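Asker: My structure is below; once you've seen it, I'll send some questions.
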Amino acid sequence: MIEARQLTKRYGDKLAVDGLTFTVRPGIVTGFLGPNGAGKSTTMRVILGLDAPTSGSVLVNGKPYREHTAPLHEVGALLEARSIHPGRSAYNHLLALAHTSGIHRSRVDEVIEAVGLSGVARRRAGKFSLGMGQRLGIATALLGDPRTVILDEPLNGLDTEGIRWVRTLLQSLAAEGRTVFVSSHLMNEMALTAQHLIVIGKGRLIADTDMAEFIRTRSRSVARVRTTHPDALAARLSGPDVEISSDQDKTLIVSGLTTDQIGMTAGAAGITLLELTAQQASLEEAFIDLTRDAVEYRANTVGASS
Amino acid sequence: MTSIILPAYAGEQHVSQVRVIRSEWTKLRSLPSTIWCLLAMVTLVIGVGLAYATLRGARPPADPSTFDSTSVSLAGMQLAQFAIGVLGVLFITGEYATGSIRVSLAAVPRRLQMLWGKAVTFGLTTLVLAVPAVLVAFFAGQSILSAENLDTGLGEPGVSRAVLGSALFLTAVGLLGLGLGALLRNTAAGISALFGLLFAPQLVLGLLPESMSDAAYRYLPTPAGAAVSSIHQDPLALGPWTGLGLFCLYTAIVLGLAAWQLRRRDA
């Protein structure tokens, strides 16, 4: 469980995190989404007590992080991939970390095995690819069998197989009852991974919502309709929130109505449908619209005050 | 597709100072660059000591009573202090440069435990290597100087103090480097500051009138610390233990500032 209350972090003139209040609950994967520079990494550093908040507070498993006496068992974190001295081996990196909490070296072997780095763990980490670095970071995060897992952009630099592996991992960690908090700047990655979404832009909370709810409300439904009478159907479907375009003869692209609504309208009017297909609207676009609003809002307020 | 198989871990996991020291020792020993710097320190103490003893033995002094055969055999310390000081800086700035400091501090949220862990580990490691190094340099140097009957023994007044004091001085320089690295968080800045502290005050003092510079000279870091390794008391210098004590005080001040900054600043 992570509870942020009015969390604010200022670096000089720059407000990196601005009054964030949210709760990350155990048992599900919570995606932390925002464009680059939105304040995701800063928020994560503040959660881990690495940066002190300017105001507000954040508790991890009920306490400020710094007050935990067994921190690796409370929170496992991946902040930056390849946060390792290039001259040191992955094994020794993890062993040094394990020693701080008296974790036995057999556990180091276990996490190395689990993330698939056994073959390279004794070599100098300087030659690791970004993907291997991410795996090492995940091994670091899992070392203490933590109740809460915080991962900053864990999918960066991974190939398709690696991405699927991390997704499965995150979901199984959540299924074990852990709190899983994962950041990303790509909506489509999160759509498949997270059950809950926290979206920030310019340090402010934009959305704190269930993923299914987000998809339902934010992505406009788009349907492709082929019919014998496109003009007649278009006339009946048109409405204030409905956009209709036609890309080829006898075909309409309708957004703002579900396929059910279109089919019923056509049936009631006795218009023959040749094809009626629901098309997945782009979540990425919905996300970009959402965060663009926040950016524009801030830009406008600056313009208005000057 | 590989799914993850990771058993639970049941052991208790409380952070303690002793555990942090063990962690820092693992970090120290697991980097090739550390091993090279430590080898360089030992090699410089012994190698330069031997070379200088050979050189001085080949040109015996006119008045043997002013000849300090102990400090001749320990001449390598002058160079070895830089090797160990630089390693002290690197021991912590290496973590800032690679970002692994955040991993370290997330694991040890009470940050001073990490700094003290580093200081204890690094101080003890340096001392354990420096003591044999100065002893080897001393005995080998004396055996070279004995050809000209210029040698001395550990039992002579002040000699064992000078030999072991040199090892303590090297340790203090290493810790000074560690403190500067922790304070400045940057390798280049840390090394520059270290060399600056060890060299620059003497240069600045040279610009002052002699009456002032003579009075102040003894309080500068390098002359104060070096006083412990000479047998013949320099009239301008502090006493051997007072001098080394003052050097340790400077080191303690830098470490104290570093500790204060470490608690206060974002990682």
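For the structure tokens, the naming scheme is as follows: chains receive sequential letters (A, B, ...) according to their order of presentation, residues are indexed from 1 within each chain, and ligands are indexed from 1 in presentation order.
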Write down, as a compact mmCIF listing (two decimals) with N, CA and C atoms, in the first residue's frame, each residue of chain B that has any atom within 9 Å of an atom of chain A, counting only C-alpha atoms.

Answerer:
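File produced: result.txt:
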# COMPACT_ATOMS: atom_id res chain seq x y z
N MET B 1 7.02 -19.30 -23.27
CA MET B 1 7.25 -18.11 -22.45
C MET B 1 7.70 -18.52 -21.06
N THR B 2 8.74 -17.88 -20.59
CA THR B 2 9.24 -18.21 -19.26
C THR B 2 8.46 -17.44 -18.22
N SER B 3 7.83 -18.14 -17.32
CA SER B 3 7.20 -17.42 -16.21
C SER B 3 8.15 -17.53 -15.03
N ILE B 4 7.98 -16.64 -14.08
CA ILE B 4 8.98 -16.55 -13.03
C ILE B 4 8.69 -17.54 -11.92
N ILE B 5 9.75 -18.19 -11.45
CA ILE B 5 9.59 -19.09 -10.32
C ILE B 5 10.51 -18.57 -9.23
N LEU B 6 9.91 -17.92 -8.27
CA LEU B 6 10.72 -17.34 -7.20
C LEU B 6 10.06 -17.66 -5.87
N PRO B 7 10.73 -18.49 -5.05
CA PRO B 7 10.14 -18.83 -3.77
C PRO B 7 10.10 -17.61 -2.84
N ALA B 8 9.29 -17.69 -1.82
CA ALA B 8 9.27 -16.64 -0.79
C ALA B 8 10.58 -16.69 -0.02
N TYR B 9 10.90 -15.61 0.67
CA TYR B 9 12.09 -15.60 1.51
C TYR B 9 11.66 -15.31 2.94
N ALA B 10 11.96 -16.27 3.83
CA ALA B 10 11.40 -16.18 5.18
C ALA B 10 12.34 -15.53 6.18
N GLY B 11 13.62 -15.39 5.84
CA GLY B 11 14.59 -14.88 6.82
C GLY B 11 14.28 -13.47 7.28
N GLU B 12 14.75 -13.12 8.49
CA GLU B 12 14.52 -11.74 8.95
C GLU B 12 15.51 -10.84 8.22
N GLN B 13 15.12 -9.59 8.05
CA GLN B 13 15.90 -8.71 7.17
C GLN B 13 16.07 -7.33 7.76
N HIS B 14 16.54 -7.26 9.00
CA HIS B 14 16.71 -5.92 9.57
C HIS B 14 18.09 -5.37 9.27
N VAL B 15 18.12 -4.10 8.92
CA VAL B 15 19.40 -3.46 8.62
C VAL B 15 20.12 -3.16 9.92
N SER B 16 21.40 -3.49 9.99
CA SER B 16 22.19 -3.10 11.16
C SER B 16 23.53 -2.56 10.67
N GLN B 17 24.21 -1.83 11.57
CA GLN B 17 25.51 -1.25 11.18
C GLN B 17 26.50 -2.34 10.78
N VAL B 18 26.50 -3.45 11.51
CA VAL B 18 27.45 -4.52 11.19
C VAL B 18 27.16 -5.09 9.79
N ARG B 19 25.87 -5.26 9.50
CA ARG B 19 25.49 -5.78 8.18
C ARG B 19 25.88 -4.81 7.07
N VAL B 20 25.73 -3.52 7.35
CA VAL B 20 26.10 -2.52 6.35
C VAL B 20 27.61 -2.54 6.11
N ILE B 21 28.38 -2.74 7.17
CA ILE B 21 29.84 -2.83 7.01
C ILE B 21 30.18 -4.03 6.11
N ARG B 22 29.49 -5.14 6.35
CA ARG B 22 29.73 -6.32 5.53
C ARG B 22 29.39 -6.04 4.05
N SER B 23 28.31 -5.31 3.85
CA SER B 23 27.90 -4.94 2.50
C SER B 23 28.96 -4.06 1.83
N GLU B 24 29.46 -3.09 2.59
CA GLU B 24 30.47 -2.19 2.03
C GLU B 24 31.76 -2.95 1.71
N TRP B 25 32.07 -3.93 2.54
CA TRP B 25 33.26 -4.74 2.27
C TRP B 25 33.08 -5.52 0.96
N THR B 26 31.88 -6.05 0.74
CA THR B 26 31.61 -6.75 -0.52
C THR B 26 31.77 -5.79 -1.70
N LYS B 27 31.27 -4.56 -1.55
CA LYS B 27 31.42 -3.58 -2.62
C LYS B 27 32.89 -3.28 -2.88
N SER B 30 34.88 -6.17 -4.55
CA SER B 30 34.38 -6.72 -5.81
C SER B 30 34.66 -5.83 -7.02
N LEU B 31 35.44 -4.78 -6.85
CA LEU B 31 35.77 -3.93 -8.00
C LEU B 31 37.25 -4.05 -8.34
N PRO B 32 37.55 -4.37 -9.58
CA PRO B 32 38.97 -4.47 -9.97
C PRO B 32 39.72 -3.16 -9.70
N SER B 33 39.05 -2.01 -9.91
CA SER B 33 39.76 -0.74 -9.73
C SER B 33 40.21 -0.54 -8.28
N GLY B 94 32.01 6.77 -7.13
CA GLY B 94 31.67 5.75 -8.12
C GLY B 94 30.19 5.39 -8.04
N GLU B 95 29.63 5.44 -6.84
CA GLU B 95 28.21 5.12 -6.69
C GLU B 95 27.33 6.25 -7.21
N ALA B 97 28.25 8.30 -9.64
CA ALA B 97 28.42 8.34 -11.09
C ALA B 97 27.55 7.29 -11.78
N THR B 98 27.38 6.14 -11.16
CA THR B 98 26.64 5.06 -11.82
C THR B 98 25.16 5.04 -11.42
N GLY B 99 24.78 5.85 -10.46
CA GLY B 99 23.39 5.83 -10.00
C GLY B 99 23.12 4.75 -8.97
N SER B 100 24.13 3.93 -8.67
CA SER B 100 23.88 2.85 -7.72
C SER B 100 23.75 3.38 -6.29
N ILE B 101 24.09 4.66 -6.06
CA ILE B 101 23.90 5.24 -4.72
C ILE B 101 22.44 5.15 -4.31
N ARG B 102 21.54 5.26 -5.29
CA ARG B 102 20.11 5.21 -4.96
C ARG B 102 19.71 3.81 -4.53
N VAL B 103 20.31 2.82 -5.17
CA VAL B 103 20.05 1.44 -4.75
C VAL B 103 20.57 1.27 -3.32
N SER B 104 21.78 1.78 -3.06
CA SER B 104 22.39 1.64 -1.74
C SER B 104 21.56 2.32 -0.66
N LEU B 105 21.12 3.54 -0.95
CA LEU B 105 20.40 4.31 0.08
C LEU B 105 18.96 3.83 0.25
N ALA B 106 18.39 3.22 -0.79
CA ALA B 106 17.06 2.63 -0.61
C ALA B 106 17.18 1.41 0.30
N ALA B 107 18.31 0.71 0.22
CA ALA B 107 18.50 -0.46 1.07
C ALA B 107 18.88 -0.06 2.49
N VAL B 108 19.51 1.11 2.63
CA VAL B 108 19.93 1.59 3.95
C VAL B 108 19.36 2.99 4.15
N PRO B 109 18.06 3.07 4.48
CA PRO B 109 17.41 4.39 4.53
C PRO B 109 17.99 5.30 5.61
N ARG B 110 18.56 4.72 6.66
CA ARG B 110 19.26 5.57 7.63
C ARG B 110 20.66 5.77 7.07
N ARG B 264 20.81 15.69 4.80
CA ARG B 264 19.98 16.84 4.43
C ARG B 264 19.57 16.81 2.96
N ARG B 265 20.51 16.45 2.09
CA ARG B 265 20.26 16.60 0.65
C ARG B 265 19.55 15.40 0.05
N ASP B 266 18.89 15.64 -1.10
CA ASP B 266 18.30 14.54 -1.85
C ASP B 266 19.42 13.67 -2.41
N ALA B 267 19.14 12.38 -2.52
CA ALA B 267 20.18 11.47 -3.02
C ALA B 267 20.33 11.61 -4.53

Asker: Extract the full set of strand (DSSP E) residues from range 211-264 of chain A according to DSSP on the backbone, and format it as a list in words.

Answerer: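 Strand (DSSP E) members of range 211-264 of chain A, listed: Val222, Ala223, Arg224, Val225, Arg226, Thr227, Glu243, Ile244, Ser245, Ser246, Asp247, Gln248, Thr251, Leu252, Ile253, Val254 and Ser255 of chain A.
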
Asker: For Gly37 in chain A, which residue out of A:Arg10, A:Gly126, A:Ile288, A:Lys202 is the nearest one, using only C-alpha atoms?

Answerer: A:Lys202

Asker: I'd like the contact shell of range 170-179 of chain B - 10 Å cut-off, only C-alpha atoms, skipping same-chain residues fewer than 5 positions apart - returned as number ranges by chain.

Answerer: B: 41, 77-78, 80-93, 115, 118-120, 122-131, 165, 184-185, 190-191, 193-195, 197-198, 221-222, 225-226, 244-245, 247-259

Asker: Smallest atom-to-atom distance to Ala147 in chain B: which of B:Arg218, B:His232, B:Arg161, B:Arg59, using only C-alpha atoms?

Answerer: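 Selected residue with least distance to Ala147 in chain B: B:Arg59.
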
Asker: Tell me, in Å to one decimal, how far CA of Ser245 in chain A is from CA of Pro230 in chain A.

Answerer: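 Result for CA of Ser245 in chain A versus CA of Pro230 in chain A: 10.4 Å, one decimal.
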
Asker: Excluding range 71-74 of chain B and residues on its chain fewer than 5 positions from it, collect all residues at most 8 Å away from it, counting only C-alpha atoms, and give them as a list in words.

Answerer: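 The filter keeps Val45, Ile46, Gly49, Leu50, Tyr52, Ala53, Arg56, Val134, Ala137, Phe138, Ala140, Gly141, Gln142, Ala162, Val163, Ser166, Ser229, Ser230 and Ile231 of chain B.
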
Asker: In Å to one decimal, how far is CA of Glu285 in chain A from CA of Leu273 in chain A?

Answerer: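 Calculated distance between CA of Leu273 in chain A and CA of Glu285 in chain A is 29.1 Å.
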
Asker: Between CA of Gln171 in chain A and CA of Thr148 in chain A, what is the distance, to one decimal in Å?

Answerer: 13.1 Å

Asker: For Ile200 in chain A, work out the shell of residues within 9 Å, counting only C-alpha atoms and skipping chain neighbours fewer than 6 positions away, then give it as a PyMOL selection string.

Answerer: chain A and resi 20+32-35+38-40+206-208+291+294

Asker: Go through range 48-151 of chain B and collect every residue that DSSP, computed from the backbone, puts in helix (DSSP H, G or I); the answer should be as a CSV table (one decimal) with C-alpha atoms, in the first residue's frame.

Answerer:
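What ended up in selection_33.csv:
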chain,number,residue,atom,x,y,z
B,48,VAL,CA,59.7,4.2,-3.7
B,49,GLY,CA,61.1,3.6,-0.2
B,50,LEU,CA,63.6,1.1,-1.7
B,51,ALA,CA,64.6,3.3,-4.5
B,52,TYR,CA,65.1,6.3,-2.3
B,53,ALA,CA,67.1,4.3,0.3
B,54,THR,CA,69.3,3.1,-2.5
B,55,LEU,CA,69.8,6.6,-3.9
B,56,ARG,CA,70.7,8.1,-0.5
B,57,GLY,CA,72.9,5.1,0.4
B,58,ALA,CA,74.9,5.7,-2.8
B,64,PRO,CA,75.4,11.1,9.5
B,65,SER,CA,73.9,12.6,12.7
B,66,THR,CA,71.4,14.7,10.7
B,69,SER,CA,67.1,6.9,7.9
B,70,THR,CA,63.6,6.1,9.0
B,71,SER,CA,61.9,8.8,6.9
B,72,VAL,CA,64.2,7.9,4.0
B,73,SER,CA,62.9,4.4,4.0
B,77,MET,CA,54.4,7.4,1.6
B,78,GLN,CA,54.5,10.8,-0.2
B,79,LEU,CA,53.2,9.2,-3.4
B,80,ALA,CA,51.1,6.4,-1.8
B,81,GLN,CA,48.9,8.9,-0.1
B,82,PHE,CA,47.6,10.0,-3.4
B,83,ALA,CA,46.7,6.5,-4.5
B,84,ILE,CA,44.8,5.8,-1.3
B,85,GLY,CA,43.2,9.3,-1.2
B,86,VAL,CA,41.9,8.9,-4.8
B,87,LEU,CA,40.6,5.4,-3.9
B,88,GLY,CA,38.8,7.0,-0.9
B,89,VAL,CA,37.1,9.5,-3.3
B,90,LEU,CA,36.2,6.8,-5.8
B,91,PHE,CA,34.7,4.5,-3.2
B,92,ILE,CA,31.7,6.8,-2.9
B,93,THR,CA,31.7,8.9,-6.0
B,94,GLY,CA,31.7,5.8,-8.1
B,95,GLU,CA,28.2,5.1,-6.7
B,96,TYR,CA,27.0,8.6,-7.6
B,97,ALA,CA,28.4,8.3,-11.1
B,98,THR,CA,26.6,5.1,-11.8
B,100,SER,CA,23.9,2.8,-7.7
B,101,ILE,CA,23.9,5.2,-4.7
B,102,ARG,CA,20.1,5.2,-5.0
B,103,VAL,CA,20.1,1.4,-4.8
B,104,SER,CA,22.4,1.6,-1.7
B,105,LEU,CA,20.4,4.3,0.1
B,106,ALA,CA,17.1,2.6,-0.6
B,107,ALA,CA,18.5,-0.5,1.1
B,111,ARG,CA,21.9,7.0,5.4
B,112,LEU,CA,24.6,7.6,8.0
B,113,GLN,CA,24.9,3.9,8.5
B,114,MET,CA,26.1,3.7,4.9
B,115,LEU,CA,28.7,6.5,5.4
B,116,TRP,CA,30.0,5.0,8.6
B,117,GLY,CA,30.0,1.6,7.0
B,118,LYS,CA,32.1,2.9,4.2
B,119,ALA,CA,34.5,4.7,6.6
B,120,VAL,CA,35.0,1.7,8.9
B,121,THR,CA,35.5,-0.7,6.0
B,122,PHE,CA,37.8,1.5,4.0
B,123,GLY,CA,39.8,2.7,7.1
B,124,LEU,CA,40.4,-0.9,8.3
B,125,THR,CA,41.3,-2.2,4.9
B,126,THR,CA,43.8,0.6,4.4
B,127,LEU,CA,45.3,0.2,7.8
B,128,VAL,CA,45.6,-3.6,7.4
B,129,LEU,CA,47.5,-3.2,4.1
B,130,ALA,CA,49.5,-0.1,5.1
B,131,VAL,CA,51.0,-1.5,8.3
B,132,PRO,CA,52.8,-4.4,6.6
B,133,ALA,CA,53.7,-2.1,3.7
B,134,VAL,CA,55.5,0.4,5.9
B,135,LEU,CA,57.2,-2.4,7.9
B,136,VAL,CA,58.5,-4.0,4.7
B,137,ALA,CA,59.6,-0.6,3.4
B,138,PHE,CA,61.3,0.2,6.7
B,139,PHE,CA,63.2,-3.1,7.1
B,140,ALA,CA,64.2,-3.3,3.4
B,141,GLY,CA,65.3,0.3,3.4
B,142,GLN,CA,67.4,-0.2,6.6
B,143,SER,CA,69.1,-3.3,5.1
B,144,ILE,CA,70.1,-1.2,2.1
B,145,LEU,CA,71.3,1.7,4.3
B,146,SER,CA,73.2,-0.7,6.6
B,147,ALA,CA,75.8,-1.0,3.9
B,148,GLU,CA,76.8,2.6,4.7

Asker: With a distance cut-off of 10 Å and only C-alpha atoms, select the neighbouring residues of Ser183 in chain A, excluding the residue or stretch itself and same-chain residues fewer than 3 positions from it, and output the selection as a PDB file with N, CA and C atoms, in the first residue's frame.

Answerer:
ATOM      1  N   THR A  30      -0.905  -1.424 -10.492  1.00  0.00           N
ATOM      2  CA  THR A  30      -1.315  -0.043 -10.732  1.00  0.00           C
ATOM      3  C   THR A  30      -0.317   0.605 -11.681  1.00  0.00           C
ATOM      4  N   GLY A  31      -0.822   1.088 -12.787  1.00  0.00           N
ATOM      5  CA  GLY A  31       0.036   1.760 -13.756  1.00  0.00           C
ATOM      6  C   GLY A  31       0.155   3.227 -13.402  1.00  0.00           C
ATOM      7  N   PHE A  32       1.369   3.767 -13.554  1.00  0.00           N
ATOM      8  CA  PHE A  32       1.622   5.174 -13.243  1.00  0.00           C
ATOM      9  C   PHE A  32       2.061   5.792 -14.559  1.00  0.00           C
ATOM     10  N   LEU A  33       1.140   6.577 -15.129  1.00  0.00           N
ATOM     11  CA  LEU A  33       1.311   6.966 -16.512  1.00  0.00           C
ATOM     12  C   LEU A  33       1.458   8.469 -16.628  1.00  0.00           C
ATOM     13  N   GLY A  34       2.291   8.876 -17.557  1.00  0.00           N
ATOM     14  CA  GLY A  34       2.432  10.304 -17.816  1.00  0.00           C
ATOM     15  C   GLY A  34       3.486  10.479 -18.878  1.00  0.00           C
ATOM     16  N   LYS A  40       6.972  11.355 -12.803  1.00  0.00           N
ATOM     17  CA  LYS A  40       6.813   9.978 -12.328  1.00  0.00           C
ATOM     18  C   LYS A  40       8.029   9.524 -11.524  1.00  0.00           C
ATOM     19  N   SER A  41       9.224   9.726 -12.092  1.00  0.00           N
ATOM     20  CA  SER A  41      10.433   9.263 -11.406  1.00  0.00           C
ATOM     21  C   SER A  41      10.642  10.023 -10.104  1.00  0.00           C
ATOM     22  N   MET A  44       8.479   8.579  -7.478  1.00  0.00           N
ATOM     23  CA  MET A  44       8.998   7.302  -6.990  1.00  0.00           C
ATOM     24  C   MET A  44      10.191   7.501  -6.054  1.00  0.00           C
ATOM     25  N   LEU A  79      14.644   1.662 -10.034  1.00  0.00           N
ATOM     26  CA  LEU A  79      14.517   3.073 -10.402  1.00  0.00           C
ATOM     27  C   LEU A  79      15.112   3.344 -11.767  1.00  0.00           C
ATOM     28  N   ILE A 150       8.008  -1.386  -6.669  1.00  0.00           N
ATOM     29  CA  ILE A 150       7.934  -0.130  -7.400  1.00  0.00           C
ATOM     30  C   ILE A 150       8.919  -0.199  -8.563  1.00  0.00           C
ATOM     31  N   LEU A 151       8.406  -0.111  -9.776  1.00  0.00           N
ATOM     32  CA  LEU A 151       9.284  -0.239 -10.932  1.00  0.00           C
ATOM     33  C   LEU A 151       9.103   0.963 -11.851  1.00  0.00           C
ATOM     34  N   ASP A 152      10.204   1.631 -12.166  1.00  0.00           N
ATOM     35  CA  ASP A 152      10.155   2.801 -13.036  1.00  0.00           C
ATOM     36  C   ASP A 152      10.507   2.365 -14.463  1.00  0.00           C
ATOM     37  N   GLU A 153       9.556   2.420 -15.346  1.00  0.00           N
ATOM     38  CA  GLU A 153       9.738   2.070 -16.761  1.00  0.00           C
ATOM     39  C   GLU A 153      10.427   0.709 -16.947  1.00  0.00           C
ATOM     40  N   PRO A 154       9.891  -0.344 -16.355  1.00  0.00           N
ATOM     41  CA  PRO A 154      10.588  -1.643 -16.455  1.00  0.00           C
ATOM     42  C   PRO A 154      10.553  -2.243 -17.849  1.00  0.00           C
ATOM     43  N   LEU A 155       9.694  -1.731 -18.716  1.00  0.00           N
ATOM     44  CA  LEU A 155       9.578  -2.336 -20.050  1.00  0.00           C
ATOM     45  C   LEU A 155      10.525  -1.698 -21.063  1.00  0.00           C
ATOM     46  N   LEU A 186       3.991   4.932 -21.998  1.00  0.00           N
ATOM     47  CA  LEU A 186       3.237   4.379 -23.124  1.00  0.00           C
ATOM     48  C   LEU A 186       1.941   3.730 -22.646  1.00  0.00           C
ATOM     49  N   MET A 190       0.584  -0.179 -20.733  1.00  0.00           N
ATOM     50  CA  MET A 190      -0.134  -0.258 -19.463  1.00  0.00           C
ATOM     51  C   MET A 190      -1.504  -0.906 -19.624  1.00  0.00           C
ATOM     52  N   LEU A 197      -5.158   2.738 -12.971  1.00  0.00           N
ATOM     53  CA  LEU A 197      -4.316   3.743 -13.623  1.00  0.00           C
ATOM     54  C   LEU A 197      -4.247   5.009 -12.796  1.00  0.00           C
ATOM     55  N   ILE A 198      -3.033   5.517 -12.643  1.00  0.00           N
ATOM     56  CA  ILE A 198      -2.871   6.861 -12.108  1.00  0.00           C
ATOM     57  C   ILE A 198      -2.138   7.648 -13.180  1.00  0.00           C
ATOM     58  N   VAL A 199      -2.775   8.690 -13.685  1.00  0.00           N
ATOM     59  CA  VAL A 199      -2.184   9.462 -14.779  1.00  0.00           C
ATOM     60  C   VAL A 199      -1.810  10.834 -14.243  1.00  0.00           C
TER      61      VAL A 199
END
